[in-house]
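What's in input02.cif: mmCIF, C-alpha atoms
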data_coords
loop_
_atom_site.label_atom_id
_atom_site.label_comp_id
_atom_site.auth_asym_id
_atom_site.auth_seq_id
_atom_site.Cartn_x
_atom_site.Cartn_y
_atom_site.Cartn_z
CA MET A 151 -20.97 5.08 -23.89
CA PRO A 152 -19.33 8.28 -22.70
CA THR A 153 -17.19 10.19 -25.12
CA ASP A 154 -13.56 10.95 -24.46
CA THR A 155 -11.63 13.86 -25.89
CA ALA A 156 -8.32 12.85 -24.35
CA THR A 157 -5.37 12.31 -26.63
CA PRO A 158 -4.54 8.75 -27.71
CA ARG A 159 -1.88 6.87 -25.84
CA PRO A 160 1.53 6.89 -27.56
CA VAL A 161 3.89 3.96 -27.37
CA LEU A 162 5.56 4.08 -23.95
CA PRO A 163 9.36 3.80 -24.15
CA PHE A 164 10.75 0.89 -22.18
CA ARG A 165 13.08 3.19 -20.24
CA HIS A 166 10.04 5.01 -18.85
CA VAL A 167 8.39 1.80 -17.70
CA LEU A 168 11.71 0.80 -16.15
CA ALA A 169 11.96 4.12 -14.32
CA VAL A 170 8.55 3.57 -12.73
CA VAL A 171 9.06 -0.03 -11.63
CA LEU A 172 12.67 0.37 -10.46
CA GLY A 173 11.68 3.37 -8.39
CA ASN A 174 8.89 1.27 -6.93
CA ALA A 175 11.40 -1.49 -6.16
CA LEU A 176 13.68 0.89 -4.30
CA GLU A 177 10.79 2.28 -2.27
CA PHE A 178 9.86 -1.20 -1.09
CA TYR A 179 13.49 -2.21 -0.55
CA ASP A 180 13.97 0.70 1.83
CA PHE A 181 10.71 0.07 3.64
CA LEU A 182 11.14 -3.69 4.04
CA THR A 183 14.80 -3.61 5.02
CA TYR A 184 13.68 -2.32 8.40
CA ALA A 185 11.59 -5.46 8.91
CA PHE A 186 14.49 -7.75 8.03
CA PHE A 187 16.83 -6.07 10.53
CA ALA A 188 14.24 -5.56 13.26
CA VAL A 189 16.30 -7.44 15.87
CA GLN A 190 19.46 -5.37 15.28
CA ILE A 191 17.54 -2.10 15.07
CA GLY A 192 15.71 -2.89 18.30
CA ARG A 193 18.95 -3.43 20.19
CA THR A 194 20.49 -0.27 18.69
CA PHE A 195 17.68 2.20 19.37
CA PHE A 196 15.52 0.48 22.00
CA PRO A 197 17.89 -1.13 24.51
CA ASN A 198 16.05 -3.08 27.18
CA GLU A 199 16.90 -5.73 29.75
CA SER A 200 14.42 -8.00 27.99
CA ALA A 201 15.28 -8.98 24.42
CA ASN A 202 11.58 -9.57 23.76
CA SER A 203 10.68 -6.04 24.87
CA SER A 204 13.41 -4.57 22.68
CA LEU A 205 12.14 -6.46 19.63
CA LEU A 206 8.52 -5.53 20.38
CA LEU A 207 9.47 -1.83 20.54
CA SER A 208 11.33 -2.17 17.24
CA LEU A 209 8.33 -3.86 15.62
CA ALA A 210 5.98 -1.26 17.06
CA THR A 211 8.10 1.46 15.41
CA PHE A 212 7.97 -0.52 12.18
CA GLY A 213 4.19 -0.49 12.50
CA ALA A 214 4.24 3.28 13.12
CA GLY A 215 5.31 3.69 9.51
CA PHE A 216 1.86 2.50 8.52
CA ILE A 217 0.08 5.27 10.47
CA THR A 218 1.04 7.95 7.93
CA ARG A 219 0.33 5.80 4.87
CA PRO A 220 -3.29 6.95 4.54
CA LEU A 221 -2.17 10.58 4.80
CA GLY A 222 0.40 10.00 2.07
CA GLY A 223 -2.27 8.30 0.00
CA VAL A 224 -4.55 11.33 0.31
CA VAL A 225 -1.90 14.01 -0.30
CA ILE A 226 0.34 12.40 -2.92
CA GLY A 227 -2.26 10.09 -4.45
CA MET A 228 -4.73 12.92 -5.05
CA MET A 229 -1.87 15.05 -6.34
CA GLY A 230 -1.45 12.37 -9.01
CA ASP A 231 -5.06 13.00 -10.12
CA ARG A 232 -4.84 16.80 -10.03
CA VAL A 233 -1.33 17.59 -11.22
CA GLY A 234 -0.13 14.36 -12.84
CA ARG A 235 1.33 10.95 -12.13
CA LYS A 236 4.90 12.09 -12.77
CA PRO A 237 5.19 14.90 -10.16
CA ALA A 238 3.48 12.68 -7.59
CA MET A 239 6.01 9.91 -8.19
CA LEU A 240 8.92 12.35 -7.96
CA LEU A 241 7.68 13.69 -4.62
CA SER A 242 7.17 10.26 -3.05
CA PHE A 243 10.61 9.09 -4.19
CA SER A 244 12.36 12.20 -2.84
CA LEU A 245 10.72 11.87 0.58
CA MET A 246 11.66 8.21 0.78
CA GLY A 247 15.27 9.19 0.04
CA ILE A 248 15.33 11.65 2.94
CA ALA A 249 13.86 9.05 5.30
CA ILE A 250 16.20 6.22 4.37
CA VAL A 251 19.35 8.34 4.63
CA GLY A 252 18.20 9.74 7.96
CA LEU A 253 17.47 6.30 9.39
CA ALA A 254 20.80 4.90 8.25
CA LEU A 255 22.76 7.76 9.84
CA THR A 256 20.88 8.13 13.14
CA PRO A 257 23.27 7.54 16.09
CA SER A 258 22.48 4.77 18.58
CA TYR A 259 20.67 5.17 21.89
CA ASN A 260 23.98 4.80 23.70
CA SER A 261 25.32 7.83 21.80
CA ILE A 262 22.47 10.37 21.97
CA GLY A 263 19.98 8.84 24.38
CA VAL A 264 16.23 9.21 23.91
CA ALA A 265 16.72 11.39 20.82
CA ALA A 266 17.69 8.24 18.90
CA PRO A 267 14.33 6.41 19.08
CA ILE A 268 12.49 9.71 18.50
CA LEU A 269 14.45 10.32 15.29
CA VAL A 270 13.89 6.75 14.14
CA LEU A 271 10.17 7.13 14.74
CA CYS A 272 10.07 10.37 12.74
CA PHE A 273 11.91 8.83 9.79
CA ARG A 274 9.60 5.82 9.86
CA LEU A 275 6.57 8.13 9.75
CA LEU A 276 8.08 9.92 6.75
CA GLN A 277 8.75 6.58 5.05
CA GLY A 278 5.14 5.58 5.56
CA PHE A 279 3.86 8.89 4.18
CA SER A 280 6.05 8.46 1.10
CA LEU A 281 5.12 4.86 0.41
CA GLY A 282 1.43 5.59 1.00
CA GLY A 283 1.58 8.04 -1.90
CA GLU A 284 3.73 5.85 -4.13
CA VAL A 285 1.42 2.97 -4.98
CA GLY A 286 -1.51 4.93 -6.43
CA PRO A 287 0.33 7.04 -9.03
CA THR A 288 2.72 4.27 -10.11
CA THR A 289 0.04 1.59 -10.49
CA ALA A 290 -2.26 4.02 -12.32
CA TYR A 291 0.64 4.90 -14.59
CA MET A 292 1.31 1.26 -15.47
CA ILE A 293 -2.38 0.47 -16.11
CA GLU A 294 -2.73 3.57 -18.31
CA ALA A 295 0.41 2.65 -20.24
CA ALA A 296 -0.88 -0.85 -20.98
CA PRO A 297 -3.05 -2.11 -23.86
CA PRO A 298 -6.43 -3.27 -22.46
CA ASN A 299 -5.55 -6.96 -22.95
CA ARG A 300 -2.18 -6.59 -21.19
CA ARG A 301 -3.11 -4.64 -18.06
CA ALA A 302 -2.38 -7.45 -15.61
CA LEU A 303 0.95 -8.20 -17.28
CA TYR A 304 1.97 -4.55 -16.97
CA ALA A 305 0.69 -4.42 -13.39
CA SER A 306 2.71 -7.55 -12.63
CA MET A 307 5.84 -5.44 -13.10
CA GLN A 308 4.82 -3.64 -9.91
CA GLY A 309 4.65 -6.89 -7.98
CA ALA A 310 7.76 -8.32 -9.64
CA THR A 311 9.88 -5.30 -8.76
CA GLN A 312 8.57 -5.34 -5.20
CA ASP A 313 9.66 -8.97 -4.98
CA PHE A 314 12.95 -8.02 -6.61
CA ALA A 315 13.36 -5.58 -3.73
CA VAL A 316 12.65 -8.37 -1.25
CA LEU A 317 15.18 -10.57 -3.05
CA CYS A 318 17.85 -7.88 -2.98
CA ALA A 319 17.25 -7.11 0.68
CA GLY A 320 17.44 -10.81 1.50
CA LEU A 321 20.64 -11.34 -0.51
CA ILE A 322 22.28 -8.35 1.15
CA GLY A 323 21.20 -9.74 4.52
CA VAL A 324 22.72 -13.14 3.69
CA VAL A 325 25.99 -11.54 2.56
CA LEU A 326 26.25 -9.32 5.63
CA ALA A 327 25.38 -12.20 7.98
CA ASN A 328 28.11 -14.36 6.42
CA LEU A 329 30.81 -11.67 6.18
CA LEU A 330 30.28 -10.03 9.56
CA ASP A 331 30.19 -11.55 13.02
CA ALA A 332 27.12 -11.04 15.20
CA ASP A 333 28.58 -8.09 17.14
CA THR A 334 29.67 -6.23 14.00
CA LEU A 335 26.31 -6.82 12.32
CA GLN A 336 24.63 -5.48 15.44
CA ASN A 337 26.89 -2.43 15.89
CA TRP A 338 26.93 -1.05 12.35
CA GLY A 339 26.61 -3.80 9.74
CA TRP A 340 22.84 -3.46 9.37
CA ARG A 341 23.29 0.18 8.34
CA ILE A 342 25.09 -0.92 5.16
CA ALA A 343 21.86 -2.37 3.78
CA PHE A 344 20.12 1.01 4.13
CA LEU A 345 23.03 2.95 2.64
CA ILE A 346 23.08 0.68 -0.42
CA GLY A 347 19.50 1.70 -1.11
CA ALA A 348 20.33 5.36 -0.45
CA ALA A 349 23.10 5.27 -3.07
CA ILE A 350 20.54 4.59 -5.83
CA ILE A 351 18.31 7.57 -4.99
CA PRO A 352 19.98 10.13 -7.36
CA PHE A 353 19.69 7.72 -10.29
CA GLY A 354 16.03 7.07 -9.53
CA LEU A 355 15.25 10.80 -9.46
CA ILE A 356 16.97 11.33 -12.81
CA ALA A 357 15.09 8.41 -14.36
CA ARG A 358 11.68 9.55 -13.13
CA SER A 359 12.25 13.14 -14.20
CA GLY A 360 12.27 11.94 -17.82
CA LEU A 361 8.87 10.21 -17.67
CA MET A 362 6.02 11.17 -20.00
CA GLU A 363 2.64 11.94 -18.41
CA THR A 364 -0.33 9.54 -18.76
CA LEU A 365 -3.02 11.42 -16.81
CA GLU A 366 -4.78 12.87 -19.88
CA GLN A 367 -4.15 9.94 -22.24
CA LYS A 368 -6.96 7.66 -23.33
CA ASP A 369 -6.67 4.27 -21.63
CA GLY A 370 -9.87 2.46 -22.54
CA ALA A 371 -11.32 2.68 -19.02
CA GLU A 372 -14.53 4.30 -20.29
CA GLU A 373 -15.59 1.06 -21.98
CA MET A 374 -15.31 -0.76 -18.67
CA GLU A 375 -17.11 1.99 -16.74
CA ALA A 376 -20.07 1.72 -19.12
CA HIS A 377 -20.35 -2.05 -18.61
CA PRO A 378 -23.42 -3.01 -16.53
CA ASP A 379 -21.31 -5.16 -14.20
CA ALA A 380 -18.91 -2.32 -13.38
CA PRO A 381 -19.05 -1.72 -9.59
CA THR A 382 -19.36 1.73 -8.06
CA PRO A 383 -16.19 3.33 -6.65
CA TRP A 384 -17.57 2.91 -3.11
CA ARG A 385 -18.09 -0.82 -3.63
CA ILE A 386 -14.60 -1.11 -5.10
CA ALA A 387 -13.26 0.69 -2.02
CA LEU A 388 -14.92 -1.77 0.37
CA LEU A 389 -13.87 -4.82 -1.61
CA GLY A 390 -10.39 -3.35 -1.96
CA LEU A 391 -10.04 -3.04 1.80
CA CYS A 392 -11.03 -6.68 2.14
CA LEU A 393 -8.74 -8.01 -0.61
CA LEU A 394 -5.71 -5.83 0.04
CA GLY A 395 -5.99 -6.26 3.79
CA SER A 396 -5.91 -10.03 3.41
CA GLY A 397 -3.02 -9.94 0.96
CA THR A 398 -1.07 -7.51 3.12
CA ILE A 399 -1.27 -9.74 6.18
CA CYS A 400 0.00 -12.68 4.13
CA THR A 401 2.83 -10.58 2.72
CA TYR A 402 3.99 -9.37 6.12
CA VAL A 403 3.70 -12.81 7.66
CA MET A 404 6.21 -13.95 5.05
CA THR A 405 8.49 -10.95 5.56
CA TYR A 406 8.42 -11.81 9.28
CA LEU A 407 9.94 -15.22 8.56
CA ALA A 408 13.49 -13.89 8.94
CA THR A 409 12.70 -12.55 12.41
CA TYR A 410 10.60 -15.62 13.23
CA ALA A 411 13.42 -18.01 12.34
CA THR A 412 16.01 -16.23 14.48
CA ASP A 413 13.90 -15.00 17.41
CA THR A 414 11.35 -17.82 17.85
CA LEU A 415 13.19 -20.83 16.46
CA GLY A 416 16.78 -19.82 17.27
CA MET A 417 18.06 -20.48 13.74
CA PRO A 418 21.21 -18.76 12.40
CA SER A 419 20.79 -15.39 10.68
CA ARG A 420 22.18 -16.68 7.39
CA LEU A 421 19.37 -19.27 7.17
CA ALA A 422 16.74 -16.74 8.19
CA PHE A 423 17.76 -14.32 5.45
CA GLY A 424 17.74 -17.27 3.05
CA ALA A 425 13.97 -17.47 3.57
CA THR A 426 13.70 -13.85 2.49
CA VAL A 427 15.64 -14.64 -0.67
CA VAL A 428 13.21 -17.46 -1.46
CA VAL A 429 10.20 -15.16 -1.00
CA GLY A 430 11.65 -12.57 -3.35
CA LEU A 431 12.79 -15.09 -5.97
CA CYS A 432 9.45 -16.89 -6.10
CA GLY A 433 7.55 -13.64 -6.49
CA LEU A 434 9.94 -12.30 -9.12
CA CYS A 435 9.45 -15.42 -11.25
CA LEU A 436 5.71 -15.93 -10.78
CA ASP A 437 4.31 -12.39 -10.76
CA PRO A 438 4.57 -12.06 -14.57
CA VAL A 439 3.08 -15.56 -14.93
CA SER A 440 0.14 -14.48 -12.78
CA GLY A 441 -0.35 -11.36 -14.90
CA TRP A 442 -0.27 -13.33 -18.15
CA LEU A 443 -2.73 -15.92 -16.83
CA SER A 444 -5.05 -13.19 -15.56
CA ASP A 445 -5.11 -11.43 -18.91
CA ARG A 446 -5.93 -14.71 -20.66
CA PHE A 447 -8.39 -16.38 -18.28
CA GLY A 448 -9.76 -13.50 -16.22
CA ARG A 449 -9.06 -11.96 -12.82
CA LYS A 450 -11.33 -14.08 -10.61
CA PRO A 451 -10.07 -17.64 -11.32
CA ILE A 452 -6.43 -16.55 -10.95
CA MET A 453 -7.32 -14.83 -7.68
CA PHE A 454 -9.32 -17.68 -6.21
CA ILE A 455 -7.43 -20.90 -6.98
CA PRO A 456 -3.98 -19.92 -5.58
CA THR A 457 -5.56 -18.10 -2.63
CA PHE A 458 -7.63 -21.14 -1.65
CA LEU A 459 -4.55 -23.39 -1.92
CA LEU A 460 -2.64 -20.88 0.24
CA PHE A 461 -5.37 -21.21 2.88
CA LEU A 462 -4.85 -24.98 2.91
CA ALA A 463 -1.04 -24.67 3.06
CA ALA A 464 -0.60 -21.96 5.74
CA TYR A 465 -0.80 -24.04 8.93
CA PRO A 466 1.08 -27.11 7.60
CA ALA A 467 3.91 -24.83 6.44
CA PHE A 468 4.47 -23.36 9.91
CA LEU A 469 4.06 -26.78 11.48
CA VAL A 470 6.86 -28.17 9.31
CA ILE A 471 9.14 -25.17 9.95
CA SER A 472 8.69 -25.17 13.73
CA HIS A 473 8.93 -28.97 14.07
CA TYR A 474 12.05 -29.64 12.01
CA ARG A 475 13.85 -26.26 12.32
CA THR A 476 16.19 -27.13 9.45
CA GLU A 477 17.27 -25.17 6.40
CA THR A 478 15.37 -27.55 4.10
CA ALA A 479 12.14 -27.25 6.05
CA LEU A 480 12.36 -23.46 6.30
CA LEU A 481 13.16 -22.83 2.64
CA SER A 482 10.76 -25.44 1.23
CA ALA A 483 7.76 -24.27 3.27
CA THR A 484 8.59 -20.65 2.49
CA ALA A 485 8.74 -21.43 -1.23
CA VAL A 486 5.28 -23.01 -1.19
CA LEU A 487 3.71 -20.04 0.60
CA ALA A 488 5.53 -17.49 -1.58
CA CYS A 489 4.57 -19.16 -4.87
CA LEU A 490 0.88 -19.38 -4.03
CA SER A 491 0.79 -15.84 -2.70
CA ALA A 492 2.51 -14.43 -5.79
CA LEU A 493 0.10 -16.17 -8.17
CA GLY A 494 -2.96 -14.75 -6.44
CA GLN A 495 -2.02 -11.12 -5.78
CA ILE A 496 -1.46 -9.55 -9.22
CA PRO A 497 -5.05 -9.89 -10.52
CA ILE A 498 -6.34 -8.31 -7.31
CA LEU A 499 -4.37 -5.11 -7.80
CA THR A 500 -5.21 -5.08 -11.51
CA ALA A 501 -8.95 -5.53 -10.96
CA LEU A 502 -9.10 -2.74 -8.39
CA THR A 503 -7.10 -0.31 -10.54
CA GLU A 504 -8.88 -0.85 -13.85
CA SER A 505 -12.27 -0.66 -12.13
CA LEU A 506 -11.67 2.91 -10.94
CA PRO A 507 -12.42 5.92 -13.20
CA ARG A 508 -9.27 7.60 -14.48
CA ARG A 509 -10.16 10.97 -12.96
CA ILE A 510 -9.97 9.53 -9.40
CA ARG A 511 -7.80 6.48 -10.00
CA SER A 512 -4.48 7.56 -8.47
CA GLY A 513 -5.94 9.05 -5.30
CA SER A 514 -8.60 6.40 -4.74
CA LEU A 515 -6.22 3.49 -5.21
CA ALA A 516 -3.60 5.14 -3.00
CA ILE A 517 -6.12 5.72 -0.20
CA ILE A 518 -7.66 2.23 -0.43
CA TYR A 519 -4.23 0.62 -0.49
CA ALA A 520 -2.84 2.75 2.33
CA VAL A 521 -5.84 2.30 4.63
CA ALA A 522 -5.85 -1.46 4.08
CA ILE A 523 -2.16 -1.77 4.78
CA ALA A 524 -2.20 0.62 7.74
CA THR A 525 -5.09 -1.26 9.29
CA PHE A 526 -3.97 -4.83 8.65
CA GLY A 527 -0.30 -4.79 7.69
CA GLY A 528 0.97 -2.31 10.26
CA THR A 529 -0.03 -4.56 13.14
CA THR A 530 0.85 -7.94 11.62
CA GLN A 531 4.42 -8.41 12.79
CA PHE A 532 3.70 -7.06 16.26
CA MET A 533 0.67 -9.36 16.53
CA LEU A 534 2.63 -12.40 15.41
CA LYS A 535 5.29 -11.83 18.06
CA TRP A 536 2.65 -11.15 20.71
CA LEU A 537 0.62 -14.27 19.81
CA ILE A 538 3.69 -16.48 19.94
CA ASP A 539 4.65 -15.08 23.36
CA VAL A 540 1.12 -15.34 24.80
CA THR A 541 0.24 -18.80 23.47
CA GLY A 542 3.71 -20.31 23.48
CA ASN A 543 2.71 -21.89 20.17
CA PRO A 544 5.20 -21.38 17.29
CA GLN A 545 2.46 -22.29 14.81
CA ALA A 546 0.41 -19.21 15.77
CA PRO A 547 1.44 -17.30 12.59
CA GLY A 548 -0.13 -20.07 10.51
CA PHE A 549 -3.51 -19.64 12.19
CA TYR A 550 -3.30 -15.86 11.85
CA MET A 551 -2.53 -16.23 8.15
CA MET A 552 -5.46 -18.61 7.60
CA GLY A 553 -7.88 -16.13 9.15
CA ALA A 554 -6.65 -13.37 6.84
CA ILE A 555 -6.92 -15.59 3.76
CA ALA A 556 -10.50 -16.58 4.62
CA PHE A 557 -11.34 -12.87 4.79
CA GLY A 558 -9.82 -12.37 1.32
CA LEU A 559 -11.67 -15.30 -0.21
CA VAL A 560 -14.96 -13.61 0.63
CA GLY A 561 -13.85 -10.51 -1.26
CA ILE A 562 -12.78 -12.58 -4.28
CA VAL A 563 -16.22 -14.18 -4.49
CA LEU A 564 -17.98 -10.80 -4.34
CA ILE A 565 -15.87 -8.73 -6.76
CA PRO A 566 -17.13 -8.69 -10.38
CA GLU A 567 -14.90 -9.84 -13.24
CA SER A 568 -13.09 -6.89 -14.84
CA ALA A 569 -10.75 -8.45 -17.43
CA PRO A 570 -11.78 -7.32 -20.96
CA ALA A 571 -11.11 -10.77 -22.47
CA ALA A 572 -13.21 -12.58 -19.86
CA ARG A 573 -16.12 -10.10 -20.13
CA HIS A 574 -16.24 -10.36 -23.91
CA LYS A 575 -16.57 -14.15 -23.74
CA ARG A 576 -19.84 -13.90 -21.81
#

The structure given in the file should be rewritten as structure tokens.
Amino acid sequence: MPTDTATPRPVLPFRHVLAVVLGNALEFYDFLTYAFFAVQIGRTFFPNESANSSLLLSLATFGAGFITRPLGGVVIGMMGDRVGRKPAMLLSFSLMGIAIVGLALTPSYNSIGVAAPILVLCFRLLQGFSLGGEVGPTTAYMIEAAPPNRRALYASMQGATQDFAVLCAGLIGVVLANLLDADTLQNWGWRIAFLIGAAIIPFGLIARSGLMETLEQKDGAEEMEAHPDAPTPWRIALLGLCLLGSGTICTYVMTYLATYATDTLGMPSRLAFGATVVVGLCGLCLDPVSGWLSDRFGRKPIMFIPTFLLFLAAYPAFLVISHYRTETALLSATAVLACLSALGQIPILTALTESLPRRIRSGSLAIIYAVAIATFGGTTQFMLKWLIDVTGNPQAPGFYMMGAIAFGLVGIVLIPESAPAARHKR
């Protein structure tokens, strides 16, 4: 077993953990808010005689934010390995702040012409760069702060705060849709959601500036690296692309539900944003449960069982939503998909992170995560809209989701067990 001269890990103050996960929540709130207001943003910056063309241009710009994610993963993620997790997290958060303020304040196409969509595209690229570099350092930080038998529970805070961001974005969308008429929401109301996120940026920077560094602290990873079942970093990278790509498609299919309900099914905006609230609430409640179960029973069973059930539920869920087109059908089917997805995702991120050596953990995880999401997630919403238009079948998202889940199930079968408790039982 390799020796380690790094200093022991001190007890991590709760305020430091909170600074990491709340910053992560704000990053995802800003990034996902664009998806929830894709219709309004499309009409503001991409006016077109065809409503479908306007929405497709808006979704294509949303997808452009994924192009720079791998670059952010390389630059900021590797910075987390060289300089430290803390400076990397501060940089990603600052860049996200610039992007979100810029997007919220960009004038419409009617005001400044073609400069408007160009500016929006630039800010989306900056958002993608920032978020691409966020995941690696923050997840590495949480894993390194955790006792070996609580890694998944700590990592679940990442997922829970991301779902908290989804919940907040959905609640703000519901409030705005109920308080403002359609024209007001279209003209300037959607900007309020972005400015709410921007208002929290100074507090996030202050909180992260007080973090302690975990890069050189002993985290117990050497024991796992010496285990004969420990996969090589290259194998982890390939399996990570498979697992995270599958999970990302499922995530963005669910975030598309707000647009799907209004654009494809013609449902009111208040009901569509209600689906977003359900997704966030289910994840917020079940992410910690998933982490606890994974620490107790191992990563693989908690990955496989919910993911397989999600495969079985995907098509029936969209069939129910598109057939009945009622609030009950939309929210109930969304809750089923969101619960199963939340239960299966936390052990995946935990297994990938704890299987990487500390010296390359931040950069490797950031790159794997960013490439997977850029490849699979960046095209998801555009593809869903295109498939619905081409096939005329409103259940097309269900089939697309099933294909992605099948891809992920293969990765789950192939990845070795990495939970300390499960390995010690063998």

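Every protein or nucleic acid residue with an atom no more than 8 Å from stretch 339-353 of chain A, counting only C-alpha atoms and leaving out same-chain residues fewer than 4 positions away, appears here: A:Leu176, A:Tyr179, A:Asp180, A:Thr183, A:Phe187, A:Gln190, A:Ile191, A:Phe243, A:Ser244, A:Gly247, A:Ile250, A:Val251, A:Leu253, A:Ala254, A:Leu255, A:Ala319, A:Ile322, A:Gly323, A:Leu326, A:Leu330, A:Thr334, A:Leu335, A:Ala357.
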
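Between atom CA of A:Arg301 and atom CA of A:Ala238 lies a distance of 21.3 Å.
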
*Would you mind telling me which residue in A:Ala425, A:Cys432, A:Met239, A:Met228 lies nearest to A:Ala310 when using all atoms listed in the file?*
A:Cys432

*Polymer residues at most 7 Å from (2.5, -14.7, 15.9) by all atoms listed in the file, as a count of residues only*: 8

*Excluding A:Leu431 and any residue of its chain fewer than 4 positions from it, enumerate the residues within 9 Å of it, using all atoms listed in the file, and give them as a list in words.*
Asp313, Phe314, Val316, Leu317, Thr426, Val427, Cys435, Leu436, Ala485 and Ala488 of chain A

*For A:Pro287, which of A:Met229, A:Leu361, A:Val429, A:Leu206 is the closest residue, counting all atoms listed in the file?*
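Closest to A:Pro287, using all atoms listed in the file: A:Met229.
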
*Which is closest to A:Val403 among A:Met307, A:Ile293, A:Leu487, A:Leu502, if we use all atoms listed in the file?*
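Counting all atoms listed in the file, the residue closest to A:Val403 is A:Leu487.
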
*Ground truth for the PyMOL selection byres ((chain A and resi 440-456) around 10), written as a ChimeraX atom specification*: /A:298-307,309,393,433,435-439,457-462,487,489-501,558-573

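Checking A:Thr401, A:Ser261, A:Gln277, A:Ser419 one by one against A:Val325, counting only C-alpha atoms, you find the shortest gap at A:Ser419.
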
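In this structure, atom CA of A:Ala185 sits 13.2 Å away from atom CA of A:Gly278.
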
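One finds atom CA of A:Arg235 at 15.1 Å from atom CA of A:Leu168.
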
_Counting only C-alpha atoms, the residue of A:Thr288, A:Asn543, A:Thr398, A:Thr364 that sits nearest A:Thr525_ = A:Thr398

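Candidate residues A:Thr529, A:Gly252, A:Pro466, A:Ala411 were compared for distance to A:Ala210, and the nearest is A:Thr529, using all atoms listed in the file.
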
*Expanded to explicit residues, what is the PyMOL selection byres ((chain A and resi 171) around 8) for this file, as a ChimeraX atom specification?*
/A:167-170,172-175,288,307-308,311

Write a file of the selected residues as a PDB file, keeping the file's coordinate frame, keeping C-alpha atoms.
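Result file is result_31.pdb:
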ATOM      1  CA  VAL A 167       8.390   1.800 -17.700  1.00  0.00           C
ATOM      2  CA  LEU A 168      11.710   0.800 -16.150  1.00  0.00           C
ATOM      3  CA  ALA A 169      11.960   4.120 -14.320  1.00  0.00           C
ATOM      4  CA  VAL A 170       8.550   3.570 -12.730  1.00  0.00           C
ATOM      5  CA  LEU A 172      12.670   0.370 -10.460  1.00  0.00           C
ATOM      6  CA  GLY A 173      11.680   3.370  -8.390  1.00  0.00           C
ATOM      7  CA  ASN A 174       8.890   1.270  -6.930  1.00  0.00           C
ATOM      8  CA  ALA A 175      11.400  -1.490  -6.160  1.00  0.00           C
ATOM      9  CA  THR A 288       2.720   4.270 -10.110  1.00  0.00           C
ATOM     10  CA  MET A 307       5.840  -5.440 -13.100  1.00  0.00           C
ATOM     11  CA  GLN A 308       4.820  -3.640  -9.910  1.00  0.00           C
ATOM     12  CA  THR A 311       9.880  -5.300  -8.760  1.00  0.00           C
TER      13      THR A 311
END

_Polymer residues at most 9 Å from A:Asn260, all atoms listed in the file, same-chain spacing of 5 or more positions, as a PyMOL selection string_ = chain A and resi 194-195+197+266

Might you spell out which residues the PyMOL selection byres ((chain A and resi 510) around 10) would select in the displayed file, as a PDB file with C-alpha atoms, in the frame of the given file?
ATOM      1  CA  GLY A 227      -2.260  10.090  -4.450  1.00  0.00           C
ATOM      2  CA  MET A 228      -4.730  12.920  -5.050  1.00  0.00           C
ATOM      3  CA  GLY A 230      -1.450  12.370  -9.010  1.00  0.00           C
ATOM      4  CA  ASP A 231      -5.060  13.000 -10.120  1.00  0.00           C
ATOM      5  CA  ARG A 232      -4.840  16.800 -10.030  1.00  0.00           C
ATOM      6  CA  ALA A 290      -2.260   4.020 -12.320  1.00  0.00           C
ATOM      7  CA  PRO A 383     -16.190   3.330  -6.650  1.00  0.00           C
ATOM      8  CA  LEU A 506     -11.670   2.910 -10.940  1.00  0.00           C
ATOM      9  CA  PRO A 507     -12.420   5.920 -13.200  1.00  0.00           C
ATOM     10  CA  ARG A 508      -9.270   7.600 -14.480  1.00  0.00           C
ATOM     11  CA  ARG A 509     -10.160  10.970 -12.960  1.00  0.00           C
ATOM     12  CA  ARG A 511      -7.800   6.480 -10.000  1.00  0.00           C
ATOM     13  CA  SER A 512      -4.480   7.560  -8.470  1.00  0.00           C
ATOM     14  CA  GLY A 513      -5.940   9.050  -5.300  1.00  0.00           C
ATOM     15  CA  SER A 514      -8.600   6.400  -4.740  1.00  0.00           C
ATOM     16  CA  LEU A 515      -6.220   3.490  -5.210  1.00  0.00           C
TER      17      LEU A 515
END

I need every residue sitting at most 12 Å from the point (13.2, -16.9, 18.4) (coordinates as in the file, all atoms listed in the file considered), written as a short mmCIF file (atom, residue, chain, number, x, y, z; two decimals) with C-alpha atoms, in the frame of the given file.
data_model
loop_
_atom_site.label_atom_id
_atom_site.label_comp_id
_atom_site.auth_asym_id
_atom_site.auth_seq_id
_atom_site.Cartn_x
_atom_site.Cartn_y
_atom_site.Cartn_z
CA VAL A 189 16.30 -7.44 15.87
CA ALA A 201 15.28 -8.98 24.42
CA ASN A 202 11.58 -9.57 23.76
CA LEU A 205 12.14 -6.46 19.63
CA TYR A 406 8.42 -11.81 9.28
CA LEU A 407 9.94 -15.22 8.56
CA ALA A 408 13.49 -13.89 8.94
CA THR A 409 12.70 -12.55 12.41
CA TYR A 410 10.60 -15.62 13.23
CA ALA A 411 13.42 -18.01 12.34
CA THR A 412 16.01 -16.23 14.48
CA ASP A 413 13.90 -15.00 17.41
CA THR A 414 11.35 -17.82 17.85
CA LEU A 415 13.19 -20.83 16.46
CA GLY A 416 16.78 -19.82 17.27
CA MET A 417 18.06 -20.48 13.74
CA PRO A 418 21.21 -18.76 12.40
CA SER A 419 20.79 -15.39 10.68
CA ALA A 422 16.74 -16.74 8.19
CA SER A 472 8.69 -25.17 13.73
CA ARG A 475 13.85 -26.26 12.32
CA LEU A 534 2.63 -12.40 15.41
CA LYS A 535 5.29 -11.83 18.06
CA ILE A 538 3.69 -16.48 19.94
CA ASP A 539 4.65 -15.08 23.36
CA GLY A 542 3.71 -20.31 23.48
CA ASN A 543 2.71 -21.89 20.17
CA PRO A 544 5.20 -21.38 17.29
#
